[in-house]
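Colleague: Following this message is one structure expressed as structure tokens.
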Amino acid sequence: MIFNWFKIFIYHLKQNKLFSFLNVLGLSIGIASVIFAILYWNNEHAYDQWNPEKENTYQVLNKIGMTGDTWSSCSIPFGRTCKATILEIEEITFLNSWYDDGLIKYQNQKIFDKKITVADNGFFSIFPFPIVKGAKTNILKEKNSVAISEEMAQSIFKNEDPIGKTLNYYNKDYIIKSVYKIISPSSVEPHFVFGGIVREGDEQNWGNFSYGLMIKTKKGADANTVLKKMQHVNYINRTLKDAKENGQTPEQYVKENGEISVILDQLATARLHGTKSSNNHNFPEGRGNLQLLFIMAGLSILILTLSLVNYINLATASAIKRAKEVGVRKIVGATKNQIIVQFIFETAIIVLMAIVFALAVVELSLPYYNTFLKKTLTMNGSEFYLQLIFIFGLVIILAGIFPAIYISNFETLKVLKGNFSRSKSGIWIRNSMLIFQFGIAAFFIIGALIVNSQVNYMMNKELGFSGKQVLKISFNYHERDKKTEKYLTAKQELRKISGVDDISTFAGTFGNSTNSSSGLTHNGIFVQPRNVEMDFGFLEMMKIKIVQGRDLSPKFASDTIDNWLINETLAKTLNLKNPVNTIITSGWGNEKGNLKFKVVGVVKDFNITGLQDKVPPMVFINLKTLKWNNFDNIYVKVSPENLPETLDKLKSYWEKNINQDYPFDYEFVDKGFAKTYQEQIKQKDLFFILNLVVIIIAVFGLFALASFSMERRLKEIAIRKTLGAETDILLKELSKQYILFCIIGFVTGIVPAYILLQKWLENFAFRINISTLPFIIALILLLALTLIIVLAKAYQVTKIDILKYLKYE
Amino acid sequence: MIKIQNLTKVFRTEEVETAALSDISLEIKKGDFLTIMGPSGCGKSTLLNIIGLLDSATDGSYQLLDQEIIGLKEKGRAQVRKENIGFIFQNFNLIDELSVYDNIELPLLYNNVKASDRKQKIEAIAEKLNISHRLKHFPQQLSGGQQQRVAVARALVNNPKIILADEPTGNLDSKNGNEVMELLTDLHAKGATILMVTHSDYDASFSQKTIHMKDGVIFSEKLNQRNVDVFMNAK
């Protein structure tokens with residue numbers, strides 16, 4: 001029986017090569033998009049799942065009551081007190097929630113690595129990477145111990161035994177205690193784990209939130225209980241004490257200053273569902289992008305649906321061609337079920353081909369996809385193959401059942417009498433599916449247009465500074481105390497290089513905000529402004545404008561002591577009508593209390609972070625005012641002529657005078673800032689590609705459906721022509737319903753497009769408003785496409801030979 | 001073999017009720033060769049379709065091999081049909097996409113006949129109908145007469161109890177038409193039960209008995225002289 005089915009199937013495949021190919025192609029695009037989404041989904045959900053302690057391991061975050069910021073870090077005494085007083089906590093570890101990059105030396109080898117972390121002894125019990133060599137416990141007990149990954153051990157030591165060898169990192173020696181094997185994907189995948197994270201002086205400092213903290217609870221411990229107890233530790237040691245110092249009752253204190261609330265994120269779900277920290281540093285490997293994941297999943301399901309609808313539509317439309325066969329089969333004894341099974345069998349073969357095709361498409365485009373996601377996804381794993389089988393089954397059922405039942409319901413008598421081809425059965429379903437396709441196409445076109453204009457807006461937005469021709473060059477100087485001095489010397493010398501126009505610096509980067517922030521209260525208003533510690537002339541070099549007062553200048557001695565600038569946002573937040581000459585108490589203190597500063601100028605707002613964020617309040621002081629030596633780049637303005645030469649000179653100066661161990665690392669400021677909307681540019685590109693795919697599928701579906709339904713009207717057209725209908729009237733007659741479907745589809749697509757894009761735009765503090773323009777363009781585009789396809793087909797149909805169709809029957 | 005009593009078929013649309021068959025009674029015995037004649041719309045095809053279980057009656061009784069058919073569900077009807085009835089159509093209704101062999105094989109497939117038996121049966125019937133050399137061809141490659149012979153082969157391959165022929169010569173020229181009629185006569189001579197619908201008096205003359213229908217009722221039955229000749233010839 002199957003052989004018989006197969007013969008018929010092959011026959012039709014050969015007869016309709018183009019349509020069969022397009023059918024397979026359509027389905028395979030749908031399936032490929034789902035495979036892409038699944039690969040991403042699997043990867044994101046695989047993070048930390050290998051970790052046997054994932055259920056009872058938590059990251060500790062703090063929500064700062066005063067500012068509403070969330071920090072993924074804690075203070076040392078807080079962590080230690082929790083460990084000591086809360087029975088449910090089995091183990092804690094302090095670690096950096098980011099990677100350091102730095103130079104590691106072994107004998108004559110210099111290894112520049114970007115995945116270095118620093119932790120304490122608890123690290124390997126929270127992240128139990130298998131130990132390949134060396135000590136299995138108490139690995140990082142001594143401050144001068146280090147554990148290295150298997151691949152690093154291999155690349156540094158080749159066949160030697162690394163255990164007991166000494167690595168030099170930031171001029172300190174560390175002894176290798178263990179070699180571990182990284183299990184990927186994990187929230188932490190360091191190449192080196194150095195011990196001794198706790199700095200002296202921080203052990204009793206409750207206010208220094210510089211340490212990432214992970215805790216592991218005992219089996220069966222209730223997370224809420226632990227959270228309450230940790231909150232209590234905080235209350236006793238911070239709220240109560242601070243209230244006492246201020247001479248307030250704890251209630252009063254909390255009312256005025258807020259309170260820190262502790263947040264626990266379970267490791268098992270932290271990657272995707274964890275609380276986002278304010279600086280976006282939750283784990284060294286970053287957070288999962290849940291929104292992008294949902295976008296990808298949603299779009300892929302939409303495309304699969306589109307291709308399924310397409311398939312169903314074509315299958316039911318072309319079913320007419322199979323009507324006689326089905327009739328005959330029924331006459332010679334086939335039951336309805338046998339017919340259904342036969343047509344599902346055909347769908348199964350097509351789906352199988354589509355899956356093979358889809359796998360090839362995915363395999364070929366995986367490198368691009370990986371670049372897009374910054375991942376290294378591969379197609380393997382039993383889970384993936386199970387999902388593939390599941391998709392296979394699902395697509396067969398969704399695509400196959402409806403046409404099969406539709407065909408099996410053909411009435412034998414009508415079919416064999418030959419007047420079946422003009423029956424209207426199933427037309428409304430096909431038409432509503434066509435409308436649905438138009439809806440999806442409208443959604444994608446509108447979406448792409450809006451995403452595109454937001455990205456254009458971001459690329460062309462006036463940022464308030466000019467990063468053109470300004471280089472940001474890493475300034476790695478070891479002696480932190482002498483950093484400013486070294487910088488000032490370098491500045492003098494660099495000026496002599498031809499092609500260098502100006503040199504300045506500040507403690508921060510454009511796109512990633514400034515390096516520090518300190519809260520202050522003025523007139524009873526609390527704000528947390530970003531600190532801009534800068535060199536004289538910095539604002540001028542970056543073309544940042546002063547709107548009131550003056551810039552800081554070396555001419556005034558007090559400009560390095562107690563004068564500062566504030567930006568417009570800060571002036572507005574503090575309700576200062578005439579900010580110049582206002583004295584504000586800063587957040588920085590010494591033995592005598594908090595330092596007071598006089599505002600000498602107001603700086604025009606500029607974007608220091610990506611356009612997702614509003615402009616934060618800022619204060620501007622000179623490098624020498626606090627002497628924090630907190631900057632790590634030098635900004636050099638170069639003239640566009642002879643740029644390669646200038647760069648060469650800078651490079652050799654850097655290697656000779658600044659730091660010979662570090663690579664000369666530079667970036668143009670405007671390009672650096674462009675990274676803040678890199679993600680959106682990618683989303684725009686993604687939307688563009690998907691748009692093409694969707695439009696191709698939809699156009700093909702429309703073409704096929706129009707062909708089938710017009711060919712069934714050939715007799716009608718022939719009669720109309722004999723009665724004297726002219727071509728243009730016929731064209732109108734044939735095309736008008738498709739225009740109607742197109743408009744209805746467009747209307748159904750508008751609402752979801754508007755809502756979802758509105759939601760997407762909410763990500764941005766600086767955003768466009770949705771105008772009617774994209775909708776109009778989408779409508780025109782859709783109508784034009786429809787008209788072209790339908791009219792072309794209709795024109796072809798009106799050219800038929802009248803006699804042929806009137807003589808028939 | 002077939003016993004029809006007071007069979008009525010009414011087509012209803014929203015406004016009109018048309019009686020295609022009213023109160024038909026008819027009996028067909030094993031070995032009969034019966035022709036139904038009548039003008040277009042007299043209900044002859046409807047009657048044939050009801051007998052062939054392709055259509056259902058509004059009222060009355062239809063017994064096939066002592067089994068009551070009226071009221072049988074779709075699945076039961078398919079079962080009865082594939083075991084007992086062979087169809088021959090005016091337009092042959094062969095599946096163009098399948099070879100002659102595959103077309104003849106279809107009823108056997110749906111009756112779950114074993115593969116080895118299938119081959120044997122198909123070859124036997126092809127031999128009998130003189131189309132053995134055409135088994136690998138596709139229907140479109142054959143003449144009309146040959147196509148109709150393939151259709152007859154398909155109708156017979158499963159040894160049906162009765163053959164229903166709906167204007168079997170309607171699409172054929174007289175030479176090919178004659179061939180098919182002789183084939184049917186021959187089958188009848190070998191004991192087959194045949195019910196045929198036709199417009200042609202000439203074709204009807206091949207059968208034993210002709211029933212004339214008009215407006216849904218049988219108004220005359222006559223025995224055909226020609227039949228006697230056939231029997232004489234057969235002897």
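Identifiers in the structure tokens: chain A, B, ... in order shown; residue index from 1 per chain; ligand index from 1 in order shown.
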Residues near Asp96 (chain B), anyone? I mean within 7 Å using only C-alpha atoms, not counting same-chain ones fewer than 2 positions away, as a short mmCIF file (atom, residue, chain, number, x, y, z; two decimals) with N, CA and C atoms, in the first residue's frame.

Modeller:
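Below is the file out_18.cif, written as the result:
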```cif
data_model
loop_
_atom_site.label_atom_id
_atom_site.label_comp_id
_atom_site.auth_asym_id
_atom_site.auth_seq_id
_atom_site.Cartn_x
_atom_site.Cartn_y
_atom_site.Cartn_z
N LEU B 94 -10.09 6.07 -14.41
CA LEU B 94 -8.82 5.45 -14.04
C LEU B 94 -7.96 6.55 -13.41
N LEU B 98 -1.28 6.52 -12.13
CA LEU B 98 -0.83 5.15 -11.87
C LEU B 98 -0.85 4.34 -13.16
N PHE B 138 0.55 3.77 -19.01
CA PHE B 138 -0.33 4.62 -18.22
C PHE B 138 -1.62 4.84 -19.00
N PRO B 139 -2.73 5.09 -18.33
CA PRO B 139 -4.04 5.17 -18.99
C PRO B 139 -4.03 6.09 -20.21
N GLN B 140 -3.32 7.24 -20.11
CA GLN B 140 -3.36 8.20 -21.21
C GLN B 140 -2.71 7.65 -22.49
#
```

Colleague: Please give the complete set of residues from region 538-696 of chain A that DSSP, run on the backbone, assigns to strand (DSSP E or B), formatted as a ChimeraX atom specification.

Modeller: /A:546-549,563-567,583-590,593-603,609,618-622,633-638,666-668

Colleague: Near chain B, which residues of chain A fall within 8 Å when you count only C-alpha atoms, and what do they look like as a list in words?

Modeller: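 Therefore, the residues near the partner are Met1, Asn4, Lys7, Ile8, Tyr11, His12, Lys324, Glu325, Val328, Arg329, Lys330, Ile331, Val332, Gly333, Ala334, Thr335, Lys336, Thr412, Leu413 and Leu416 of chain A.
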
Colleague: Export, as a PDB file, in the first residue's frame, the selected residues with C-alpha atoms.

Modeller:
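Output file result-v4.pdb is given in full below:
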```pdb
ATOM      1  CA  MET A   1       0.000   0.000   0.000  1.00  0.00           C
ATOM      2  CA  ASN A   4       1.334   2.607  -4.142  1.00  0.00           C
ATOM      3  CA  LYS A   7       4.266   6.160  -6.552  1.00  0.00           C
ATOM      4  CA  ILE A   8       1.455   8.693  -6.656  1.00  0.00           C
ATOM      5  CA  TYR A  11       4.307  11.379  -9.740  1.00  0.00           C
ATOM      6  CA  HIS A  12       2.869  14.606  -8.355  1.00  0.00           C
ATOM      7  CA  LYS A 324     -10.699  12.070  -8.931  1.00  0.00           C
ATOM      8  CA  GLU A 325      -8.039   9.826  -7.473  1.00  0.00           C
ATOM      9  CA  VAL A 328     -11.776   6.221  -7.366  1.00  0.00           C
ATOM     10  CA  ARG A 329      -9.993   5.000  -4.278  1.00  0.00           C
ATOM     11  CA  LYS A 330     -13.202   5.317  -2.304  1.00  0.00           C
ATOM     12  CA  ILE A 331     -15.167   3.462  -4.978  1.00  0.00           C
ATOM     13  CA  VAL A 332     -12.795   0.526  -4.942  1.00  0.00           C
ATOM     14  CA  GLY A 333     -13.072   0.328  -1.188  1.00  0.00           C
ATOM     15  CA  ALA A 334     -10.819   2.819   0.581  1.00  0.00           C
ATOM     16  CA  THR A 335     -12.178   4.025   3.885  1.00  0.00           C
ATOM     17  CA  LYS A 336     -11.928   7.631   4.974  1.00  0.00           C
ATOM     18  CA  THR A 412     -17.375  10.495  -4.228  1.00  0.00           C
ATOM     19  CA  LEU A 413     -20.407  11.147  -6.360  1.00  0.00           C
ATOM     20  CA  LEU A 416     -16.755  11.441 -10.274  1.00  0.00           C
TER      21      LEU A 416
END
```

Colleague: What is the distance, in Å and to one decimal place, between CA of Ile64 (chain A) and CA of Asn279 (chain A)?

Modeller: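 Atom-to-atom, CA of Ile64 (chain A) to CA of Asn279 (chain A), that is 13.1 Å.
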
Colleague: Kindly indicate which residue among B:Ala204, B:Leu47, B:Ile162, B:Leu156 lies nearest to Leu64 (chain B), using only C-alpha atoms for the distances.

Modeller: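 With only C-alpha atoms as the atom set, the closest residue is B:Ile162.
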
Colleague: Where does DSSP see helix (DSSP H, G or I) in region 676-775 of chain A, if you list the residues as a ChimeraX atom specification?

Modeller: /A:676-711,714-722,727-761,773-775

Colleague: Hey, what's within 8 Å of Phe766 (chain A) if we count only C-alpha atoms and toss same-chain stuff fewer than 3 positions away? As a count of residues only, please?

Modeller: 5

Colleague: Leaving out region 227-232 of chain A and any residue of its chain fewer than 4 positions from it, which residues lie within 12 Å of it when counting only C-alpha atoms, given as a PyMOL selection string?

Modeller: chain A and resi 58-63+74+78-89+215+217+221-223+236-240+259-266

Colleague: Of the candidates B:Leu142, B:Leu187, B:Leu164, B:Leu72, which shows the shortest atom-to-atom distance to Leu129 (chain B), using only C-alpha atoms?

Modeller: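 The shortest atom-to-atom distance to Leu129 (chain B) comes from B:Leu187.
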